[in-house]
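Notes to accompany the following structure.
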Amino acid sequence: MKFILQDHKLKLAASTDPDSKPIIALTQIPQPETNPSYSFSQNLQHFLQGRMLLHDELPFPKEQLHEHYENGYIHYKKGISIEKGKSKCTRCGNSSRHQFAAFPCARCGERECLYCRQCIIMGRVSSCTPLLTWTGPQIQRKESVPLKWEGTLSEGQAHASKKVTEAIKVNGELLVWAVCGAGKTEVLFAGIEEALTQGKRVCIATPRTDVVLELSPRLQAVFPDIKVAALYGGSEDRNENSVLTISTTHQLFRFRGAFDTIIIDEVDAFPYSADVSLQRAAQNARKKVSSLIYLSATPNEKWQNECKRGTRPFVTIPGRYHRHPLPVPELKWCGNWEKTLKRRKLPRIVEVWITKRLADQTPALLFLPKIELMEKLLPYMKNFDARIEAVHAEDPQRKEKVQRMRNKETPLLVTTTILERGVTFPGVDVAVLGAEDRIFTESALVQISGRAGRSASQPNGNITFFHYGKTNAMNKACRQINGMNKEAFEKGLIDYVLPGMRS
Ligand SMILES: [Zn+2]
Ligand SMILES: [Zn+2]
């Protein structure tokens, strides 16, 4: 697609027209004044408001969209702009040269049309593709959206819930630092109700699709009067412009100034924590005046320090919902386990740990730092019990294996860090073999430990870090868990302390 600049307006033009230019080549993009007597499409308003989309993502004819532009209701942005001689993708913010490529483009007829490789999965942004935003009137909505939830909050949850609601009211920022198993979702209910009733749009963004799938039905159940939109790669709700959206952080690239409240779940989790473009996407998806709530069980060191120094507003939920303390990891030296594994064997101390779990019929998770090691080890492990399985991120059987573990058909599951978050297996014992590996950061170890003792009926799990040399991360993880237990006890959120608890 190409344009011609004429009488301070853009005109649509055929790519064969010698005067036409791809949008990147235009020196300016004039924005016509809003024509108040124009009868704009309310469907389009509903669809596009708060978003930034490609023509391909809009189920409206190009001519209709352009008419809205001519009347000041739509703005065209360059999909790729040139800033100081460097290409920059407007959607994802990518500006590194190797993340762009050129292709012979049928739309603009150019032999070398540049496109962004970084966000290609969401549809191609290229030199000739405009990104469209809505500049017409905003839909105003004000009706109460009652929360229908019968449950009760723990003391720790209730305190955090109040803080969340306050932050949403005043468009503030807040980190909710809640231990694994504190029940963080319920903490959001009152704040979301407040926001929706004020006519605000809310988005819960999470790095993982699994979480979108788990949260959406829960929120739909407690807010039955609205339609909750669930957005992830390939989701059917993509066209839904709901007042409550649950989205992967990736999908935020499609929004601009849309939300009055953004809640970012697992802010410390990959890929969000490591990807500046995703963090920028979250900022771009907010309105200028809006609230931002972060959830984490394991904020990174920088954030922890900011909390300590008082420069980051936060609230902790140091105790679990069931009022039992968090199990504290035991550190056990197991010698050069990698060498032992090469002989397709396990350190004796680890074998004892496994045999005991199998004999007691206690479900167990064994974390390993590398997939290759896991695959090498599995045949040997099956000598203990043929039902033992191993799972990793690229495993096509991943879901089924996790389900078999849930059904207690698998007595012990060997895993990489993919199961460090989000999964609950009641009564599970947890061990890490090679806890000194770099992959096991403080936050990974706290998350892994957080798998144990989750259910009220079996609140005491065992966690063992088998290692060949203690690391800082291991010590810090233990300190963080002990610290939370201590704080929870002092605040009366748990009923007892563990014997020998260090502080
Ligand atoms: Zn891009
Ligand atoms: Zn092109």
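Labels used: A, B, ... for chains in the order of the structure tokens, numbers from 1 for residues in each chain, and numbers from 1 for ligands as shown.
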
Inset, instruction - Residues within 10 Å of ligand 2 should be enumerated using only C-alpha atoms and all ligand atoms and returned as number ranges by chain. - result: A: 1-2, 15, 22-24, 102-115, 124-129

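Every protein, DNA or RNA residue with an atom at most 8 Å from region 386-400 of chain A, where only C-alpha atoms count and chain neighbours fewer than 3 positions away do not, is listed here: Ile371, Met374, Glu375, Leu378, Met381, Lys382, Asn383, Gln403, Arg404, Glu409, Thr410, Pro411, Leu412, Leu413, Val414, Thr415, Thr416, Thr417 and Ile418 of chain A.
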
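Ranking A:Thr197, A:Ser277, A:Asn305, A:Ser39 by their shortest atom-to-atom distance to ligand 1, with only C-alpha atoms and all ligand atoms included, puts A:Ser277 first.
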
Legend entry - Filtered DSSP result for region 234-310 of chain A, state strand (DSSP E), as an NGL selection string: :A and (244-248 or 259-264 or 286-296)

Inset, instruction - Apply DSSP to the backbone of this structure and, from region 224-460 of chain A, keep only the residues in helix (DSSP H, G or I); write these as a PyMOL selection string. - result: chain A and resi 236-239+249-254+272-274+276-285+301-309+337-342+348-360+371-381+398-406+417-420+442-449

Store the residues picked out above, limited to C-alpha atoms, as a CSV table (one decimal), in the first residue's frame.
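Below is the file result_23.csv, written as the result:
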```csv
chain,number,residue,atom,x,y,z
A,236,GLU,CA,-10.0,-16.4,19.7
A,237,ASP,CA,-10.8,-13.4,21.9
A,238,ARG,CA,-8.3,-11.3,19.9
A,239,ASN,CA,-11.0,-8.9,18.6
A,249,THR,CA,2.7,-9.6,28.0
A,250,HIS,CA,3.5,-10.2,24.2
A,251,GLN,CA,-0.1,-9.2,23.2
A,252,LEU,CA,0.5,-5.8,24.8
A,253,PHE,CA,2.3,-4.7,21.7
A,254,ARG,CA,-1.1,-4.3,20.1
A,272,TYR,CA,9.3,-10.2,30.8
A,273,SER,CA,12.1,-9.7,33.3
A,274,ALA,CA,14.8,-9.9,30.6
A,276,VAL,CA,13.1,-4.4,27.6
A,277,SER,CA,10.7,-4.3,24.7
A,278,LEU,CA,8.0,-6.2,26.7
A,279,GLN,CA,8.5,-3.8,29.6
A,280,ARG,CA,8.1,-0.9,27.2
A,281,ALA,CA,5.0,-2.5,25.7
A,282,ALA,CA,3.4,-2.6,29.2
A,283,GLN,CA,4.2,1.1,29.6
A,284,ASN,CA,2.8,1.9,26.2
A,285,ALA,CA,-0.4,0.0,26.9
A,301,GLU,CA,17.6,-8.0,44.0
A,302,LYS,CA,17.3,-4.5,42.6
A,303,TRP,CA,13.6,-4.4,43.5
A,304,GLN,CA,14.2,-6.0,46.9
A,305,ASN,CA,16.7,-3.3,47.7
A,306,GLU,CA,14.3,-0.6,46.5
A,307,CYS,CA,11.7,-2.0,48.9
A,308,LYS,CA,14.2,-1.9,51.7
A,309,ARG,CA,15.3,1.6,51.0
A,337,TRP,CA,27.5,-35.3,41.0
A,338,GLU,CA,28.1,-34.6,37.3
A,339,LYS,CA,31.0,-37.0,37.3
A,340,THR,CA,28.8,-39.6,39.0
A,341,LEU,CA,26.0,-39.0,36.4
A,342,LYS,CA,28.5,-39.6,33.6
A,348,ARG,CA,24.4,-42.2,47.2
A,349,ILE,CA,22.7,-39.5,49.2
A,350,VAL,CA,20.4,-38.6,46.4
A,351,GLU,CA,19.5,-42.3,45.9
A,352,VAL,CA,18.5,-42.5,49.5
A,353,TRP,CA,16.3,-39.5,49.1
A,354,ILE,CA,14.6,-41.0,46.1
A,355,THR,CA,14.2,-44.5,47.6
A,356,LYS,CA,12.6,-43.0,50.7
A,357,ARG,CA,10.0,-41.1,48.7
A,358,LEU,CA,9.1,-44.1,46.6
A,359,ALA,CA,8.8,-46.3,49.7
A,360,ASP,CA,6.6,-43.7,51.5
A,371,ILE,CA,18.1,-31.4,29.7
A,372,GLU,CA,21.0,-33.6,28.5
A,373,LEU,CA,21.8,-34.7,32.0
A,374,MET,CA,18.2,-35.5,32.6
A,375,GLU,CA,18.0,-37.6,29.5
A,376,LYS,CA,21.1,-39.5,30.4
A,377,LEU,CA,19.8,-40.1,33.9
A,378,LEU,CA,16.3,-41.2,33.1
A,379,PRO,CA,17.0,-44.9,32.1
A,380,TYR,CA,18.9,-45.3,35.3
A,381,MET,CA,16.1,-43.7,37.4
A,398,ARG,CA,4.7,-31.9,28.7
A,399,LYS,CA,1.0,-31.4,29.5
A,400,GLU,CA,0.2,-35.1,29.7
A,401,LYS,CA,3.2,-35.8,31.9
A,402,VAL,CA,2.2,-33.0,34.3
A,403,GLN,CA,-1.3,-34.4,34.3
A,404,ARG,CA,0.0,-37.9,35.1
A,405,MET,CA,1.9,-36.4,38.0
A,406,ARG,CA,-1.2,-34.7,39.2
A,417,THR,CA,13.2,-25.2,35.8
A,418,ILE,CA,10.0,-25.2,33.7
A,419,LEU,CA,8.1,-26.5,36.6
A,420,GLU,CA,9.5,-23.9,39.0
A,442,GLU,CA,17.8,-17.0,44.2
A,443,SER,CA,14.4,-16.5,42.7
A,444,ALA,CA,14.4,-19.8,40.9
A,445,LEU,CA,15.3,-21.6,44.2
A,446,VAL,CA,12.6,-19.7,46.1
A,447,GLN,CA,10.0,-20.6,43.5
A,448,ILE,CA,11.1,-24.3,43.5
A,449,SER,CA,10.9,-24.4,47.2
```

Inset, instruction - Using only C-alpha atoms and all ligand atoms, find each protein or nucleic acid residue lying at most 8 Å from ligand 1; present the set as a PyMOL selection string. - result: chain A and resi 88-94+115-120+125

Go ahead and write the selection's residues with C-alpha atoms as a compact mmCIF listing (two decimals), in the first residue's frame.
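File selection-v2.txt, as written:
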```txt
# COMPACT_ATOMS: atom_id res chain seq x y z
CA LYS A 88 12.96 1.53 14.46
CA CYS A 89 9.84 -0.61 14.70
CA THR A 90 6.94 1.42 16.07
CA ARG A 91 5.13 -1.63 17.42
CA CYS A 92 7.84 -3.38 19.40
CA GLY A 93 10.47 -0.66 19.64
CA ASN A 94 13.16 -2.83 18.05
CA TYR A 115 10.45 -5.44 7.93
CA CYS A 116 10.87 -6.09 11.66
CA ARG A 117 11.85 -9.64 12.52
CA GLN A 118 11.43 -9.20 16.24
CA CYS A 119 7.63 -8.96 16.22
CA ILE A 120 6.95 -10.83 12.94
CA VAL A 125 5.36 -4.58 10.21
```

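Of the listed residues (A:Phe223, A:Phe270, A:Tyr73, A:Phe255), A:Phe223 comes nearest to Pro146 (chain A); the distances count only C-alpha atoms.
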
Legend entry - Long-range neighbours of Ser457 (chain A) as a PyMOL selection string, 10 Å cut-off, only C-alpha atoms, 4 positions minimum in chain: chain A and resi 322+426-427+453

Please dump the current selection as a PDB file, in the first residue's frame; keep N, CA and C atoms.
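In the end it all went to selection.pdb:
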```pdb
ATOM      1  N   HIS A 322      -2.954 -20.978  54.185  1.00  0.00           N
ATOM      2  CA  HIS A 322      -3.315 -22.012  55.174  1.00  0.00           C
ATOM      3  C   HIS A 322      -2.638 -21.833  56.539  1.00  0.00           C
ATOM      4  N   PRO A 426      -0.214 -31.610  45.336  1.00  0.00           N
ATOM      5  CA  PRO A 426      -0.392 -31.719  46.780  1.00  0.00           C
ATOM      6  C   PRO A 426       0.566 -32.748  47.400  1.00  0.00           C
ATOM      7  N   GLY A 427       1.141 -32.387  48.530  1.00  0.00           N
ATOM      8  CA  GLY A 427       1.976 -33.304  49.301  1.00  0.00           C
ATOM      9  C   GLY A 427       3.318 -33.629  48.682  1.00  0.00           C
ATOM     10  N   GLY A 453       4.538 -28.105  50.240  1.00  0.00           N
ATOM     11  CA  GLY A 453       3.670 -27.714  51.350  1.00  0.00           C
ATOM     12  C   GLY A 453       2.556 -26.760  50.986  1.00  0.00           C
TER      13      GLY A 453
END
```

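Each of A:Lys486, A:His68, A:Lys288, A:Arg208 was checked against Gly172 (chain A) using only C-alpha atoms; the smallest atom-to-atom distance is that of A:Lys288.
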
Legend entry - Selection: 10 Å around Lys200 (chain A), only C-alpha atoms, excl. self and same-chain fewer than 2 positions, as JSON, numbers by chain: {"A": [140, 141, 142, 168, 192, 193, 194, 195, 196, 197, 198, 202, 243, 244, 258, 259, 260, 261, 290]}

Legend entry - Residues within 7 Å of Ile264 (chain A), only C-alpha atoms, excluding chain neighbours under 2 positions, as a PyMOL selection string: chain A and resi 204-206+262+266-267+293-295

Go ahead and save the picked residues with N, CA and C atoms, as a PDB file, in the first residue's frame.
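result.pdb, freshly written:
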```pdb
ATOM      1  N   ILE A 204      -4.842  -7.635  33.141  1.00  0.00           N
ATOM      2  CA  ILE A 204      -3.870  -8.436  33.884  1.00  0.00           C
ATOM      3  C   ILE A 204      -2.960  -9.062  32.843  1.00  0.00           C
ATOM      4  N   ALA A 205      -1.675  -8.745  32.912  1.00  0.00           N
ATOM      5  CA  ALA A 205      -0.725  -9.285  31.935  1.00  0.00           C
ATOM      6  C   ALA A 205       0.214 -10.248  32.634  1.00  0.00           C
ATOM      7  N   THR A 206       0.500 -11.350  31.960  1.00  0.00           N
ATOM      8  CA  THR A 206       1.368 -12.362  32.547  1.00  0.00           C
ATOM      9  C   THR A 206       2.301 -12.906  31.474  1.00  0.00           C
ATOM     10  N   ILE A 262      -3.071  -1.571  34.926  1.00  0.00           N
ATOM     11  CA  ILE A 262      -2.386  -2.764  34.434  1.00  0.00           C
ATOM     12  C   ILE A 262      -1.810  -3.509  35.624  1.00  0.00           C
ATOM     13  N   GLU A 266       3.818 -12.010  38.001  1.00  0.00           N
ATOM     14  CA  GLU A 266       5.146 -12.633  37.875  1.00  0.00           C
ATOM     15  C   GLU A 266       6.113 -11.729  37.137  1.00  0.00           C
ATOM     16  N   VAL A 267       6.262 -10.539  37.662  1.00  0.00           N
ATOM     17  CA  VAL A 267       7.061  -9.521  36.991  1.00  0.00           C
ATOM     18  C   VAL A 267       8.528  -9.931  36.897  1.00  0.00           C
ATOM     19  N   ILE A 293       0.121  -2.267  38.952  1.00  0.00           N
ATOM     20  CA  ILE A 293       0.295  -3.180  40.088  1.00  0.00           C
ATOM     21  C   ILE A 293       1.197  -4.326  39.626  1.00  0.00           C
ATOM     22  N   TYR A 294       2.237  -4.587  40.368  1.00  0.00           N
ATOM     23  CA  TYR A 294       3.120  -5.712  40.062  1.00  0.00           C
ATOM     24  C   TYR A 294       2.898  -6.820  41.083  1.00  0.00           C
ATOM     25  N   LEU A 295       2.890  -8.062  40.604  1.00  0.00           N
ATOM     26  CA  LEU A 295       2.808  -9.197  41.512  1.00  0.00           C
ATOM     27  C   LEU A 295       4.079 -10.024  41.390  1.00  0.00           C
TER      28      LEU A 295
END
```

Legend entry - Residue with smallest distance to His467 (chain A) - pool A:Glu214, A:Asp429, A:Glu150, A:Glu330, counting only C-alpha atoms: A:Glu330

Inset, instruction - For CA of Pro137 (chain A) and CA of Arg51 (chain A), quote the distance in Å rounded to one decimal. - result: 13.8 Å
